>>> print(open('data35.cif').read())   # mmCIF, C-alpha atoms, pLDDT in the B column; chains and numbers go by the auth columns
data_target
#
loop_
_atom_site.group_PDB
_atom_site.id
_atom_site.type_symbol
_atom_site.label_atom_id
_atom_site.label_comp_id
_atom_site.label_asym_id
_atom_site.label_seq_id
_atom_site.Cartn_x
_atom_site.Cartn_y
_atom_site.Cartn_z
_atom_site.B_iso_or_equiv
_atom_site.auth_seq_id
_atom_site.auth_asym_id
ATOM 1 C CA MET A 1 -74.872 -134.012 128.850 50.00 1 A
ATOM 2 C CA ASP A 2 -75.116 -130.448 127.474 52.00 2 A
ATOM 3 C CA THR A 3 -78.393 -128.876 126.479 53.00 3 A
ATOM 4 C CA PRO A 4 -78.316 -126.734 123.289 55.00 4 A
ATOM 5 C CA PRO A 5 -79.943 -123.295 123.295 57.00 5 A
ATOM 6 C CA GLY A 6 -82.993 -124.582 121.433 54.00 6 A
ATOM 7 C CA GLY A 7 -83.948 -126.938 124.219 55.00 7 A
ATOM 8 C CA GLY A 8 -83.015 -130.139 122.339 53.00 8 A
ATOM 9 C CA ARG A 9 -80.432 -132.669 123.325 58.00 9 A
ATOM 10 C CA ARG A 10 -77.050 -132.914 121.711 57.00 10 A
ATOM 11 C CA PHE A 11 -75.357 -136.252 121.442 51.00 11 A
ATOM 12 C CA ALA A 12 -71.603 -136.529 121.278 56.00 12 A
ATOM 13 C CA VAL A 13 -69.865 -139.418 119.564 54.00 13 A
ATOM 14 C CA PRO A 14 -67.349 -140.860 122.018 60.00 14 A
ATOM 15 C CA SER A 15 -63.786 -141.311 120.926 63.00 15 A
ATOM 16 C CA PRO A 16 -62.177 -144.765 120.680 59.00 16 A
ATOM 17 C CA GLY A 17 -60.358 -144.090 123.952 63.00 17 A
ATOM 18 C CA VAL A 18 -63.591 -143.318 125.804 61.00 18 A
ATOM 19 C CA LEU A 19 -65.251 -146.426 124.351 58.00 19 A
ATOM 20 C CA ALA A 20 -62.276 -148.509 125.408 58.00 20 A
ATOM 21 C CA ASP A 21 -62.541 -147.231 128.993 66.00 21 A
ATOM 22 C CA ARG A 22 -66.284 -147.871 129.120 64.00 22 A
ATOM 23 C CA LEU A 23 -66.036 -151.363 127.579 62.00 23 A
ATOM 24 C CA GLY A 24 -62.938 -152.328 129.507 63.00 24 A
ATOM 25 C CA ILE A 25 -60.921 -153.111 126.383 66.00 25 A
ATOM 26 C CA SER A 26 -57.982 -151.523 124.633 66.00 26 A
ATOM 27 C CA ALA A 27 -58.345 -148.673 122.134 64.00 27 A
ATOM 28 C CA THR A 28 -56.793 -150.901 119.446 73.00 28 A
ATOM 29 C CA ALA A 29 -59.561 -153.445 119.839 67.00 29 A
ATOM 30 C CA VAL A 30 -62.151 -150.713 119.466 58.00 30 A
ATOM 31 C CA VAL A 31 -60.523 -149.460 116.238 65.00 31 A
ATOM 32 C CA LEU A 32 -60.318 -152.974 114.810 71.00 32 A
ATOM 33 C CA GLY A 33 -63.970 -153.562 115.682 70.00 33 A
ATOM 34 C CA LEU A 34 -65.023 -150.386 113.928 69.00 34 A
ATOM 35 C CA LEU A 35 -62.990 -151.330 110.868 74.00 35 A
ATOM 36 C CA GLY A 36 -64.699 -154.721 110.880 70.00 36 A
ATOM 37 C CA VAL A 37 -68.138 -153.129 110.970 66.00 37 A
ATOM 38 C CA VAL A 38 -67.219 -150.806 108.120 68.00 38 A
ATOM 39 C CA GLY A 39 -65.795 -153.700 106.080 70.00 39 A
ATOM 40 C CA ALA A 40 -68.923 -155.822 106.622 71.00 40 A
ATOM 41 C CA ALA A 41 -71.136 -152.921 105.543 69.00 41 A
ATOM 42 C CA ALA A 42 -69.069 -152.393 102.379 69.00 42 A
ATOM 43 C CA GLY A 43 -69.186 -156.122 101.552 69.00 43 A
ATOM 44 C CA GLY A 44 -72.941 -156.219 101.998 67.00 44 A
ATOM 45 C CA TRP A 45 -73.419 -153.227 99.710 67.00 45 A
ATOM 46 C CA TRP A 46 -71.212 -154.811 97.059 67.00 46 A
ATOM 47 C CA ALA A 47 -73.117 -158.096 97.209 64.00 47 A
ATOM 48 C CA LEU A 48 -76.555 -156.474 97.040 67.00 48 A
ATOM 49 C CA ARG A 49 -75.860 -153.876 94.347 63.00 49 A
ATOM 50 C CA SER A 50 -77.466 -154.325 90.893 57.00 50 A
ATOM 51 C CA PRO A 51 -75.254 -156.248 88.457 59.00 51 A
ATOM 52 C CA PRO A 52 -73.750 -154.132 85.699 60.00 52 A
ATOM 53 C CA GLY A 53 -75.464 -154.295 82.292 60.00 53 A
ATOM 54 C CA PRO A 54 -73.807 -156.014 79.323 61.00 54 A
ATOM 55 C CA ASP A 55 -71.319 -154.153 77.247 62.00 55 A
ATOM 56 C CA PRO A 56 -73.214 -152.630 74.274 58.00 56 A
ATOM 57 C CA ALA A 57 -70.363 -153.730 72.014 58.00 57 A
ATOM 58 C CA GLU A 58 -71.146 -157.347 72.973 62.00 58 A
ATOM 59 C CA ILE A 59 -74.878 -157.236 72.151 59.00 59 A
ATOM 60 C CA LEU A 60 -74.902 -154.958 69.108 59.00 60 A
ATOM 61 C CA PRO A 61 -74.051 -156.768 65.825 58.00 61 A
ATOM 62 C CA MET A 62 -71.050 -155.637 63.890 60.00 62 A
ATOM 63 C CA ALA A 63 -71.817 -153.829 60.634 52.00 63 A
ATOM 64 C CA GLY A 64 -70.308 -156.647 58.588 54.00 64 A
ATOM 65 C CA SER A 65 -72.436 -159.294 60.292 58.00 65 A
ATOM 66 C CA VAL A 66 -75.827 -157.727 59.441 57.00 66 A
ATOM 67 C CA GLU A 67 -77.467 -159.610 56.558 64.00 67 A
ATOM 68 C CA ILE A 68 -79.358 -157.191 54.283 62.00 68 A
ATOM 69 C CA PRO A 69 -82.007 -158.886 52.098 65.00 69 A
ATOM 70 C CA VAL A 70 -81.567 -158.167 48.391 63.00 70 A
ATOM 71 C CA PRO A 71 -84.609 -158.546 46.092 62.00 71 A
ATOM 72 C CA GLY A 72 -84.214 -161.327 43.596 60.00 72 A
ATOM 73 C CA PRO A 73 -84.645 -160.888 39.829 62.00 73 A
ATOM 74 C CA SER A 74 -88.158 -160.573 38.441 54.00 74 A
ATOM 75 C CA PRO A 75 -89.574 -163.868 37.283 56.00 75 A
ATOM 76 C CA MET A 76 -89.202 -164.432 33.556 56.00 76 A
ATOM 77 C CA PRO A 77 -91.893 -165.965 31.350 52.00 77 A
ATOM 78 C CA ASP A 78 -91.800 -169.744 31.456 61.00 78 A
ATOM 79 C CA PRO A 79 -90.018 -170.866 28.269 68.00 79 A
ATOM 80 C CA GLY A 80 -91.489 -174.330 28.753 86.00 80 A
ATOM 81 C CA ARG A 81 -95.064 -173.171 27.969 90.00 81 A
ATOM 82 C CA ILE A 82 -96.809 -172.153 24.732 90.00 82 A
ATOM 83 C CA VAL A 83 -100.211 -170.675 23.897 90.00 83 A
ATOM 84 C CA VAL A 84 -102.242 -172.128 21.038 87.00 84 A
ATOM 85 C CA ASP A 85 -105.505 -170.902 19.519 87.00 85 A
ATOM 86 C CA VAL A 86 -107.813 -173.849 18.893 88.00 86 A
ATOM 87 C CA VAL A 87 -110.835 -173.122 16.692 85.00 87 A
ATOM 88 C CA GLY A 88 -113.435 -175.086 14.785 84.00 88 A
ATOM 89 C CA ALA A 89 -115.112 -178.339 15.741 86.00 89 A
ATOM 90 C CA VAL A 90 -113.956 -178.641 19.362 90.00 90 A
ATOM 91 C CA VAL A 91 -115.931 -178.456 22.614 92.00 91 A
ATOM 92 C CA ARG A 92 -114.099 -175.414 24.051 93.00 92 A
ATOM 93 C CA PRO A 93 -112.509 -173.330 21.273 88.00 93 A
ATOM 94 C CA GLY A 94 -110.154 -170.530 22.296 87.00 94 A
ATOM 95 C CA LEU A 95 -106.656 -169.946 23.682 90.00 95 A
ATOM 96 C CA HIS A 96 -105.063 -172.809 25.613 92.00 96 A
ATOM 97 C CA GLU A 97 -101.720 -172.871 27.438 92.00 97 A
ATOM 98 C CA LEU A 98 -99.761 -176.080 26.977 93.00 98 A
ATOM 99 C CA PRO A 99 -96.266 -177.503 27.585 94.00 99 A
ATOM 100 C CA ALA A 100 -93.779 -176.537 24.865 88.00 100 A
ATOM 101 C CA THR A 101 -93.510 -180.173 23.733 91.00 101 A
ATOM 102 C CA SER A 102 -97.245 -180.489 23.025 91.00 102 A
ATOM 103 C CA ARG A 103 -98.760 -181.860 19.834 92.00 103 A
ATOM 104 C CA VAL A 104 -102.075 -181.405 18.073 90.00 104 A
ATOM 105 C CA ALA A 105 -103.622 -184.175 20.188 93.00 105 A
ATOM 106 C CA ASP A 106 -102.750 -182.253 23.369 95.00 106 A
ATOM 107 C CA ALA A 107 -104.375 -179.064 22.043 93.00 107 A
ATOM 108 C CA VAL A 108 -107.528 -180.951 21.087 94.00 108 A
ATOM 109 C CA GLU A 109 -107.690 -182.516 24.552 95.00 109 A
ATOM 110 C CA ALA A 110 -107.197 -179.101 26.215 95.00 110 A
ATOM 111 C CA ALA A 111 -110.089 -177.790 24.113 94.00 111 A
ATOM 112 C CA GLY A 112 -112.402 -180.473 25.476 94.00 112 A
ATOM 113 C CA GLY A 113 -112.045 -182.896 22.574 94.00 113 A
ATOM 114 C CA LEU A 114 -113.621 -183.080 19.136 93.00 114 A
ATOM 115 C CA THR A 115 -117.296 -182.502 18.526 93.00 115 A
ATOM 116 C CA ALA A 116 -119.465 -185.065 16.735 92.00 116 A
ATOM 117 C CA GLU A 117 -119.137 -183.021 13.521 91.00 117 A
ATOM 118 C CA ALA A 118 -115.312 -182.899 13.511 89.00 118 A
ATOM 119 C CA ASP A 119 -113.496 -184.436 10.572 87.00 119 A
ATOM 120 C CA ARG A 120 -110.922 -186.448 12.534 87.00 120 A
ATOM 121 C CA MET A 121 -109.338 -187.922 9.389 87.00 121 A
ATOM 122 C CA ARG A 122 -108.083 -184.504 8.274 81.00 122 A
ATOM 123 C CA LEU A 123 -106.089 -183.933 11.454 84.00 123 A
ATOM 124 C CA ASN A 124 -102.540 -185.035 12.136 86.00 124 A
ATOM 125 C CA LEU A 125 -102.748 -185.457 15.915 90.00 125 A
ATOM 126 C CA ALA A 126 -98.995 -186.129 16.112 87.00 126 A
ATOM 127 C CA GLU A 127 -97.984 -182.796 14.572 85.00 127 A
ATOM 128 C CA PRO A 128 -95.864 -180.661 16.993 87.00 128 A
ATOM 129 C CA LEU A 129 -97.156 -177.250 18.065 87.00 129 A
ATOM 130 C CA ILE A 130 -95.346 -173.932 18.341 85.00 130 A
ATOM 131 C CA ASP A 131 -96.136 -170.865 20.408 85.00 131 A
ATOM 132 C CA GLY A 132 -98.744 -168.675 18.732 81.00 132 A
ATOM 133 C CA ALA A 133 -100.000 -171.409 16.404 80.00 133 A
ATOM 134 C CA ARG A 134 -103.649 -171.640 15.368 80.00 134 A
ATOM 135 C CA LEU A 135 -105.193 -175.096 15.088 83.00 135 A
ATOM 136 C CA TRP A 136 -108.286 -175.253 12.896 80.00 136 A
ATOM 137 C CA VAL A 137 -110.412 -178.388 13.327 86.00 137 A
ATOM 138 C CA PRO A 138 -112.746 -178.745 10.302 85.00 138 A
ATOM 139 C CA GLU A 139 -116.191 -180.288 10.322 86.00 139 A
ATOM 140 C CA VAL A 140 -117.049 -183.134 7.978 87.00 140 A
ATOM 141 C CA GLY A 141 -117.630 -181.720 4.503 81.00 141 A
ATOM 142 C CA GLU A 142 -116.471 -178.225 5.465 75.00 142 A
ATOM 143 C CA SER A 143 -114.319 -176.273 2.983 59.00 143 A
ATOM 144 C CA ALA A 144 -112.503 -178.609 0.614 46.00 144 A
ATOM 145 C CA GLY A 145 -108.835 -178.803 1.467 39.00 145 A
ATOM 146 C CA PRO A 146 -105.887 -181.160 1.925 40.00 146 A
ATOM 147 C CA GLU A 147 -106.432 -184.528 3.504 42.00 147 A
ATOM 148 C CA VAL A 148 -104.330 -183.434 6.500 42.00 148 A
ATOM 149 C CA VAL A 149 -104.996 -179.912 7.749 48.00 149 A
ATOM 150 C CA PRO A 150 -101.719 -178.128 8.742 48.00 150 A
ATOM 151 C CA VAL A 151 -101.635 -176.658 12.238 50.00 151 A
ATOM 152 C CA THR A 152 -101.643 -173.094 10.886 47.00 152 A
ATOM 153 C CA ALA A 153 -104.329 -173.636 8.240 42.00 153 A
ATOM 154 C CA GLY A 154 -107.352 -171.347 8.184 43.00 154 A
ATOM 155 C CA THR A 155 -110.901 -171.553 6.909 39.00 155 A
ATOM 156 C CA GLY A 156 -110.669 -168.822 4.263 40.00 156 A
ATOM 157 C CA ASP A 157 -110.047 -169.003 0.541 39.00 157 A
ATOM 158 C CA GLY A 158 -106.694 -169.464 -1.182 37.00 158 A
ATOM 159 C CA SER A 159 -105.332 -166.244 0.362 43.00 159 A
ATOM 160 C CA ARG A 160 -104.884 -167.860 3.799 47.00 160 A
ATOM 161 C CA ALA A 161 -101.827 -169.828 4.862 49.00 161 A
ATOM 162 C CA GLY A 162 -102.065 -173.531 4.161 45.00 162 A
ATOM 163 C CA ALA A 163 -105.471 -173.458 2.434 44.00 163 A
ATOM 164 C CA ALA A 164 -105.382 -175.947 -0.458 42.00 164 A
ATOM 165 C CA GLY A 165 -101.592 -176.058 -0.061 51.00 165 A
ATOM 166 C CA ALA A 166 -101.160 -172.356 -0.964 72.00 166 A
ATOM 167 C CA ARG A 167 -98.710 -170.019 0.749 85.00 167 A
ATOM 168 C CA LEU A 168 -99.860 -166.714 2.198 90.00 168 A
ATOM 169 C CA ASN A 169 -98.874 -163.681 0.119 92.00 169 A
ATOM 170 C CA VAL A 170 -97.543 -161.234 2.695 92.00 170 A
ATOM 171 C CA ASN A 171 -97.777 -158.391 0.142 91.00 171 A
ATOM 172 C CA THR A 172 -101.548 -158.704 -0.367 90.00 172 A
ATOM 173 C CA ALA A 173 -102.881 -160.397 2.798 90.00 173 A
ATOM 174 C CA ASP A 174 -104.772 -158.223 5.272 91.00 174 A
ATOM 175 C CA ALA A 175 -104.029 -158.190 9.011 89.00 175 A
ATOM 176 C CA ALA A 176 -106.591 -160.918 9.784 90.00 176 A
ATOM 177 C CA ALA A 177 -105.023 -163.265 7.210 90.00 177 A
ATOM 178 C CA LEU A 178 -101.484 -162.528 8.452 92.00 178 A
ATOM 179 C CA GLU A 179 -102.486 -163.751 11.913 90.00 179 A
ATOM 180 C CA GLU A 180 -102.702 -167.259 10.404 88.00 180 A
ATOM 181 C CA LEU A 181 -98.899 -167.325 10.254 90.00 181 A
ATOM 182 C CA PRO A 182 -97.124 -168.938 13.237 87.00 182 A
ATOM 183 C CA GLY A 183 -96.178 -166.470 15.947 85.00 183 A
ATOM 184 C CA ILE A 184 -97.974 -163.542 14.285 90.00 184 A
ATOM 185 C CA GLY A 185 -100.520 -161.996 16.618 87.00 185 A
ATOM 186 C CA PRO A 186 -102.741 -158.955 16.032 88.00 186 A
ATOM 187 C CA ALA A 187 -99.987 -156.426 16.860 87.00 187 A
ATOM 188 C CA LEU A 188 -97.397 -158.006 14.515 90.00 188 A
ATOM 189 C CA ALA A 189 -99.981 -158.406 11.748 91.00 189 A
ATOM 190 C CA VAL A 190 -100.741 -154.676 11.892 90.00 190 A
ATOM 191 C CA ALA A 191 -96.999 -153.920 11.978 90.00 191 A
ATOM 192 C CA ILE A 192 -96.482 -155.923 8.761 93.00 192 A
ATOM 193 C CA VAL A 193 -99.290 -154.047 6.998 91.00 193 A
ATOM 194 C CA GLU A 194 -97.939 -150.696 8.233 90.00 194 A
ATOM 195 C CA HIS A 195 -94.394 -151.535 7.095 91.00 195 A
ATOM 196 C CA ARG A 196 -95.768 -152.512 3.689 91.00 196 A
ATOM 197 C CA ARG A 197 -97.622 -149.200 3.453 89.00 197 A
ATOM 198 C CA ARG A 198 -94.563 -147.120 4.351 90.00 198 A
ATOM 199 C CA SER A 199 -91.828 -149.013 2.475 90.00 199 A
ATOM 200 C CA GLY A 200 -93.698 -150.750 -0.311 90.00 200 A
ATOM 201 C CA PRO A 201 -94.105 -154.481 -1.024 92.00 201 A
ATOM 202 C CA PHE A 202 -91.595 -157.000 0.296 92.00 202 A
ATOM 203 C CA ALA A 203 -89.126 -158.148 -2.371 92.00 203 A
ATOM 204 C CA THR A 204 -88.473 -161.433 -0.525 91.00 204 A
ATOM 205 C CA VAL A 205 -89.914 -163.217 2.508 91.00 205 A
ATOM 206 C CA ASP A 206 -86.589 -162.623 4.271 90.00 206 A
ATOM 207 C CA GLU A 207 -87.351 -158.889 4.370 91.00 207 A
ATOM 208 C CA LEU A 208 -89.955 -159.605 7.060 92.00 208 A
ATOM 209 C CA VAL A 209 -87.119 -159.344 9.587 89.00 209 A
ATOM 210 C CA GLU A 210 -87.231 -155.586 8.958 91.00 210 A
ATOM 211 C CA VAL A 211 -90.540 -155.550 10.843 91.00 211 A
ATOM 212 C CA SER A 212 -89.978 -154.888 14.545 87.00 212 A
ATOM 213 C CA GLY A 213 -90.794 -158.045 16.485 85.00 213 A
ATOM 214 C CA ILE A 214 -89.834 -160.555 13.778 89.00 214 A
ATOM 215 C CA GLY A 215 -86.423 -162.115 14.323 84.00 215 A
ATOM 216 C CA PRO A 216 -84.517 -164.915 12.594 84.00 216 A
ATOM 217 C CA VAL A 217 -86.230 -167.670 14.616 82.00 217 A
ATOM 218 C CA LYS A 218 -89.742 -166.430 13.863 85.00 218 A
ATOM 219 C CA LEU A 219 -88.796 -165.889 10.218 85.00 219 A
ATOM 220 C CA GLU A 220 -87.809 -169.567 9.921 85.00 220 A
ATOM 221 C CA GLN A 221 -91.256 -170.528 11.230 85.00 221 A
ATOM 222 C CA ILE A 222 -93.003 -168.226 8.768 88.00 222 A
ATOM 223 C CA ARG A 223 -90.920 -168.890 5.611 86.00 223 A
ATOM 224 C CA PRO A 224 -92.485 -172.275 4.616 88.00 224 A
ATOM 225 C CA LEU A 225 -95.973 -170.745 4.735 91.00 225 A
ATOM 226 C CA ALA A 226 -95.332 -167.306 3.214 90.00 226 A
ATOM 227 C CA THR A 227 -94.592 -165.886 -0.216 91.00 227 A
ATOM 228 C CA VAL A 228 -94.259 -162.516 -1.923 89.00 228 A
ATOM 229 C CA ASP A 229 -95.434 -163.774 -5.328 79.00 229 A
ATOM 230 C CA GLY A 230 -98.917 -163.335 -6.690 58.00 230 A
ATOM 231 C CA PRO A 231 -101.452 -166.194 -6.631 47.00 231 A
#
>>> encode(input="data35.cif", output="structure tokens")
Amino acid sequence: MDTPPGGGRRFAVPSPGVLADRLGISATAVVLGLLGVVGAAAGGWWALRSPPGPDPAEILPMAGSVEIPVPGPSPMPDPGRIVVDVVGAVVRPGLHELPATSRVADAVEAAGGLTAEADRMRLNLAEPLIDGARLWVPEVGESAGPEVVPVTAGTGDGSRAGAAGARLNVNTADAAALEELPGIGPALAVAIVEHRRRSGPFATVDELVEVSGIGPVKLEQIRPLATVDGP
């Protein structure tokens, strides 16, 4: 065995022929044995290596398969509900929301019922209601009027809709009186007065459709209770 200049030992790898002589076998057997060792080492590495990760194309969704949420339409007002103003001799006067098929009896019940002073005989509890209607419940002996008080009747004098059977003159009524008409709230009442100021008196009730916010349906509700003639 040779000694390198640095004082360390140098090992030489014997050739297959030398190994064959030392082991007493042929050189072919030595070569086959070495190939077997190399094959076993390669098989062990293959078995112990980390498994390959999944193909990204298999785990990523295709563009066409991604479901994108789309916001739905904004909720619309419920057409099956109406708002009625109940005033007078009831326990809880004020605005009450009711089903669209409600009648006077339903509005009275929503308002807590009649008070002890209410004149029940002047109410038609079966009368249908419309959105924006005002139900006035009179007290016994209060303000002479028809035996049955219409849903849109008020407590004023002959200038209000339905009082003593009179129609409301839309050319002379103020905004407060115009609110007695079905479907006419404060904003529409002011709009009617403003239109009258700019364009002059209405020649017919049908001309109310010229006021922004009054359409054919609302006009049909107003027509039986309105007039353009003097008292």
>>> closest_residue(input="data35.cif", among="A:Arg103, A:Leu178, A:Glu220, A:Ala187", to="Leu135 of chain A", atoms="all atoms listed in the file")
A:Arg103
>>> resolve_selection(input="data35.cif", expression="the PyMOL selection byres ((chain A and resi 130) around 12)", output="PyMOL selection string")
chain A and resi 79-85+97-104+107+127-129+131-135+151-152+181-184+217-218+221-222
>>> write_last_selection(input="data35.cif", atoms="C-alpha atoms", output="PDB file, keeping the file's coordinate frame")
ATOM      1  CA  PRO A  79     -90.018-170.866  28.269  1.00 68.00           C
ATOM      2  CA  GLY A  80     -91.489-174.330  28.753  1.00 86.00           C
ATOM      3  CA  ARG A  81     -95.064-173.171  27.969  1.00 90.00           C
ATOM      4  CA  ILE A  82     -96.809-172.153  24.732  1.00 90.00           C
ATOM      5  CA  VAL A  83    -100.211-170.675  23.897  1.00 90.00           C
ATOM      6  CA  VAL A  84    -102.242-172.128  21.038  1.00 87.00           C
ATOM      7  CA  ASP A  85    -105.505-170.902  19.519  1.00 87.00           C
ATOM      8  CA  GLU A  97    -101.720-172.871  27.438  1.00 92.00           C
ATOM      9  CA  LEU A  98     -99.761-176.080  26.977  1.00 93.00           C
ATOM     10  CA  PRO A  99     -96.266-177.503  27.585  1.00 94.00           C
ATOM     11  CA  ALA A 100     -93.779-176.537  24.865  1.00 88.00           C
ATOM     12  CA  THR A 101     -93.510-180.173  23.733  1.00 91.00           C
ATOM     13  CA  SER A 102     -97.245-180.489  23.025  1.00 91.00           C
ATOM     14  CA  ARG A 103     -98.760-181.860  19.834  1.00 92.00           C
ATOM     15  CA  VAL A 104    -102.075-181.405  18.073  1.00 90.00           C
ATOM     16  CA  ALA A 107    -104.375-179.064  22.043  1.00 93.00           C
ATOM     17  CA  GLU A 127     -97.984-182.796  14.572  1.00 85.00           C
ATOM     18  CA  PRO A 128     -95.864-180.661  16.993  1.00 87.00           C
ATOM     19  CA  LEU A 129     -97.156-177.250  18.065  1.00 87.00           C
ATOM     20  CA  ASP A 131     -96.136-170.865  20.408  1.00 85.00           C
ATOM     21  CA  GLY A 132     -98.744-168.675  18.732  1.00 81.00           C
ATOM     22  CA  ALA A 133    -100.000-171.409  16.404  1.00 80.00           C
ATOM     23  CA  ARG A 134    -103.649-171.640  15.368  1.00 80.00           C
ATOM     24  CA  LEU A 135    -105.193-175.096  15.088  1.00 83.00           C
ATOM     25  CA  VAL A 151    -101.635-176.658  12.238  1.00 50.00           C
ATOM     26  CA  THR A 152    -101.643-173.094  10.886  1.00 47.00           C
ATOM     27  CA  LEU A 181     -98.899-167.325  10.254  1.00 90.00           C
ATOM     28  CA  PRO A 182     -97.124-168.938  13.237  1.00 87.00           C
ATOM     29  CA  GLY A 183     -96.178-166.470  15.947  1.00 85.00           C
ATOM     30  CA  ILE A 184     -97.974-163.542  14.285  1.00 90.00           C
ATOM     31  CA  VAL A 217     -86.230-167.670  14.616  1.00 82.00           C
ATOM     32  CA  LYS A 218     -89.742-166.430  13.863  1.00 85.00           C
ATOM     33  CA  GLN A 221     -91.256-170.528  11.230  1.00 85.00           C
ATOM     34  CA  ILE A 222     -93.003-168.226   8.768  1.00 88.00           C
TER      35      ILE A 222
END
>>> atom_distance(input="data35.cif", atom1="atom CA of Val137 of chain A", atom2="atom CA of Ile192 of chain A")
26.8 Å
>>> resolve_selection(input="data35.cif", expression="the PyMOL selection byres ((chain A and resi 175) around 12)", output="list in words")
Ser159, Arg160, Leu168, Asn169, Val170, Asn171, Thr172, Ala173, Asp174, Ala176, Ala177, Leu178, Glu179, Glu180, Leu181, Ile184, Gly185, Pro186, Ala187, Leu188, Ala189, Val190, Ala191, Ile192, Val193, Glu194, His195 and Arg196 of chain A
>>> atom_distance(input="data35.cif", atom1="atom CA of Ala166 of chain A", atom2="atom CA of Glu139 of chain A")
20.4 Å
>>> atom_distance(input="data35.cif", atom1="atom CA of Glu117 of chain A", atom2="atom CA of Val140 of chain A")
5.9 Å
>>> closest_residue(input="data35.cif", among="A:Val209, A:Ile214, A:Gly33, A:Pro201", to="Asp229 of chain A", atoms="all atoms listed in the file")
A:Pro201
>>> residues_around(input="data35.cif", residues="Asp206 of chain A", least_positions_apart="6", cutoff="10 Å", atoms="all atoms listed in the file", output="list in words")
Pro216, Leu219, Glu220, Ile222, Arg223, Ala226, Thr227 and Val228 of chain A
>>> resolve_selection(input="data35.cif", expression="the PyMOL selection byres ((chain A and resi 88) around 6)", output="JSON, numbers by chain")
{"A": [87, 89, 90, 136, 137, 138]}
